[in-house]
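J.: Could you have a look at this structure, given as structure tokens, before my questions?
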Amino acid sequence: MREFLKITKALSDKTRVRIFKMLQQRTMCVCEVQAVLGIAQSTTSKHLQILEDAGLVMRSKDGLWVNYGIDEDSRNPFAGPIIEDLKGMFNDDPEAKEDIEKAKRANRFELCPR
């Protein structure tokens, strides 16, 4: 039950659902997610950590970048079915649509040059 509750708690926050929907479209770094949502970097990182702890997203290091994406091979046994269900949810939500459009244009090289 603990693993299921991690997922439900992670998805009980609107911002984390918005992040999840963006990551369904493409892998993103923290600065891209931050720019789309207009929230602080520390807040963005905290939300991503909660989603990762629940087994919904995973991170991978690419040089200086830390990329986040949907964890299709989650260790959480409840994640797979919930990830599949969420793919079809909120696609007509105006805020989710706007986030996805902004995410398509977010460019890490412009947002956080190294």
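Labels used: A, B, ... for chains in the order of the structure tokens, numbers from 1 for residues in each chain, and numbers from 1 for ligands as shown.
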Among chain A, which ones does DSSP assign to alpha helix (DSSP H) (computed from the backbone)? Answer as number ranges by chain.
T.: A: 2-10, 14-25, 30-37, 41-53, 79-87, 94-105, 108-111
J.: Find the residues near A:Phe90: any atom within 12 Å, counting only C-alpha atoms, skip ones fewer than 3 places away on the same chain, and give them as a list in words.
T.: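 The contact residues come out as Lys14, Val17, Arg18, Phe20, Lys21, Met22, Gln24, Asp85, Leu86, Lys87, Asp93, Pro94, Glu95, Ala96, Lys97, Glu98, Asp99 and Ile100 of chain A.
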J.: Find the spatial neighbours of A:Lys6, counting only C-alpha atoms, within a cut-off of 7 Å - ignore same-chain residues fewer than 4 positions away - and output them as a CSV table (one decimal) with C-alpha atoms, in the first residue's frame.
T.:
```
chain,number,residue,atom,x,y,z
A,2,ARG,CA,2.9,2.4,0.7
A,10,ALA,CA,2.6,12.8,-5.7
A,54,ALA,CA,6.9,7.9,-6.4
```
J.: Restricting the calculation to only C-alpha atoms, which member of A:Arg75, A:Arg108, A:Arg59, A:Lys102 is positioned closest to A:Ser45?
T.: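 Closest candidate: A:Arg59.
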J.: Name the closest residue to A:Thr8 among the candidates A:Ala103, A:Pro77, A:Leu51, A:Cys112; distances are taken between atoms, counting only C-alpha atoms.
T.: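 Checking each candidate against A:Thr8, we get A:Leu51 as the closest.
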J.: As an exercise, work out the distance from atom CA of A:Glu101 to atom CA of A:Asp73 in Å and give it to one decimal place.
T.: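 It comes out at 26.5 Å.
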J.: For a quick check of understanding, using only C-alpha atoms, which of A:Asp53, A:Thr15, A:Gln25, A:Ser74 has the smallest distance to A:Gly38?
T.: A:Thr15
J.: Skipping near chain neighbours, those fewer than 5 positions away, what residues fall within 12 Å of A:Gly55 using only C-alpha atoms, listed as a list of chain:residue names?
T.: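 So the residues in contact are A:Glu3, A:Phe4, A:Leu5, A:Lys6, A:Ile7, A:Thr8, A:Lys9, A:Ala10, A:Leu11, A:Phe20, A:Leu48, A:Gln49, A:Ile50, A:Tyr68, A:Gly69, A:Ile70, A:Asp71, A:Glu72, A:Asp73, A:Ser74, A:Arg75, A:Asn76, A:Pro77, A:Phe78, A:Ala79, A:Gly80, A:Pro81, A:Ile82, A:Ile83.
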J.: Output N, CA and C atoms for every residue in the selection just made, as a CSV table (one decimal), in the first residue's frame.
T.:
```
chain,number,residue,atom,x,y,z
A,3,GLU,N,3.6,2.0,-1.6
A,3,GLU,CA,4.0,2.5,-3.0
A,3,GLU,C,2.8,3.2,-3.7
A,4,PHE,N,1.6,2.6,-3.5
A,4,PHE,CA,0.4,3.2,-4.1
A,4,PHE,C,0.2,4.6,-3.5
A,5,LEU,N,0.3,4.8,-2.2
A,5,LEU,CA,0.1,6.1,-1.6
A,5,LEU,C,1.1,7.1,-2.0
A,6,LYS,N,2.4,6.7,-2.3
A,6,LYS,CA,3.4,7.6,-2.8
A,6,LYS,C,2.9,8.2,-4.1
A,7,ILE,N,2.3,7.4,-5.0
A,7,ILE,CA,1.8,7.9,-6.2
A,7,ILE,C,0.6,8.8,-6.0
A,8,THR,N,-0.3,8.4,-5.2
A,8,THR,CA,-1.5,9.3,-5.0
A,8,THR,C,-1.1,10.6,-4.4
A,9,LYS,N,-0.2,10.6,-3.5
A,9,LYS,CA,0.3,11.9,-2.9
A,9,LYS,C,1.0,12.7,-3.9
A,10,ALA,N,1.8,12.1,-4.7
A,10,ALA,CA,2.6,12.8,-5.7
A,10,ALA,C,1.6,13.5,-6.7
A,11,LEU,N,0.5,12.9,-7.0
A,11,LEU,CA,-0.4,13.4,-8.0
A,11,LEU,C,-1.5,14.2,-7.4
A,20,PHE,N,4.0,16.4,-15.0
A,20,PHE,CA,3.9,15.0,-15.5
A,20,PHE,C,3.4,15.1,-17.0
A,48,LEU,N,9.9,17.7,-8.8
A,48,LEU,CA,10.4,16.6,-9.6
A,48,LEU,C,10.9,15.5,-8.7
A,49,GLN,N,11.5,15.8,-7.6
A,49,GLN,CA,12.0,14.8,-6.6
A,49,GLN,C,10.8,14.0,-6.1
A,50,ILE,N,9.7,14.6,-5.8
A,50,ILE,CA,8.5,13.9,-5.3
A,50,ILE,C,8.0,12.9,-6.4
A,68,TYR,N,14.8,14.9,-17.1
A,68,TYR,CA,13.7,14.2,-16.5
A,68,TYR,C,12.7,13.7,-17.6
A,69,GLY,N,12.2,12.5,-17.4
A,69,GLY,CA,11.2,12.0,-18.3
A,69,GLY,C,10.3,11.0,-17.5
A,70,ILE,N,9.3,10.5,-18.2
A,70,ILE,CA,8.4,9.5,-17.6
A,70,ILE,C,9.2,8.2,-17.4
A,71,ASP,N,9.0,7.6,-16.2
A,71,ASP,CA,9.7,6.3,-15.9
A,71,ASP,C,8.8,5.1,-16.4
A,72,GLU,N,9.0,4.7,-17.6
A,72,GLU,CA,8.3,3.6,-18.2
A,72,GLU,C,8.6,2.3,-17.5
A,73,ASP,N,9.8,2.2,-16.9
A,73,ASP,CA,10.2,0.9,-16.2
A,73,ASP,C,10.3,1.1,-14.7
A,74,SER,N,9.3,1.8,-14.2
A,74,SER,CA,9.3,2.1,-12.8
A,74,SER,C,9.4,0.9,-11.9
A,75,ARG,N,10.1,1.1,-10.7
A,75,ARG,CA,10.2,0.0,-9.7
A,75,ARG,C,8.9,0.0,-8.9
A,76,ASN,N,8.1,1.0,-9.0
A,76,ASN,CA,6.8,1.0,-8.3
A,76,ASN,C,5.8,0.2,-9.1
A,77,PRO,N,5.2,-0.9,-8.5
A,77,PRO,CA,4.3,-1.8,-9.3
A,77,PRO,C,3.0,-1.1,-9.7
A,78,PHE,N,2.7,0.0,-9.1
A,78,PHE,CA,1.4,0.7,-9.4
A,78,PHE,C,1.6,1.8,-10.5
A,79,ALA,N,2.9,2.1,-10.7
A,79,ALA,CA,3.2,3.2,-11.6
A,79,ALA,C,2.7,3.0,-13.1
A,80,GLY,N,3.0,1.8,-13.6
A,80,GLY,CA,2.7,1.5,-15.0
A,80,GLY,C,1.3,1.8,-15.4
A,81,PRO,N,0.3,1.1,-14.7
A,81,PRO,CA,-1.1,1.4,-15.1
A,81,PRO,C,-1.5,2.9,-14.9
A,82,ILE,N,-1.0,3.5,-13.9
A,82,ILE,CA,-1.3,4.9,-13.6
A,82,ILE,C,-0.7,5.8,-14.7
A,83,ILE,N,0.5,5.5,-15.1
A,83,ILE,CA,1.1,6.3,-16.2
A,83,ILE,C,0.3,6.1,-17.4
```
J.: Record the distance separating atom CA of A:Thr27 and atom CA of A:Arg105, expressed in Å with one decimal.
T.: 12.8 Å
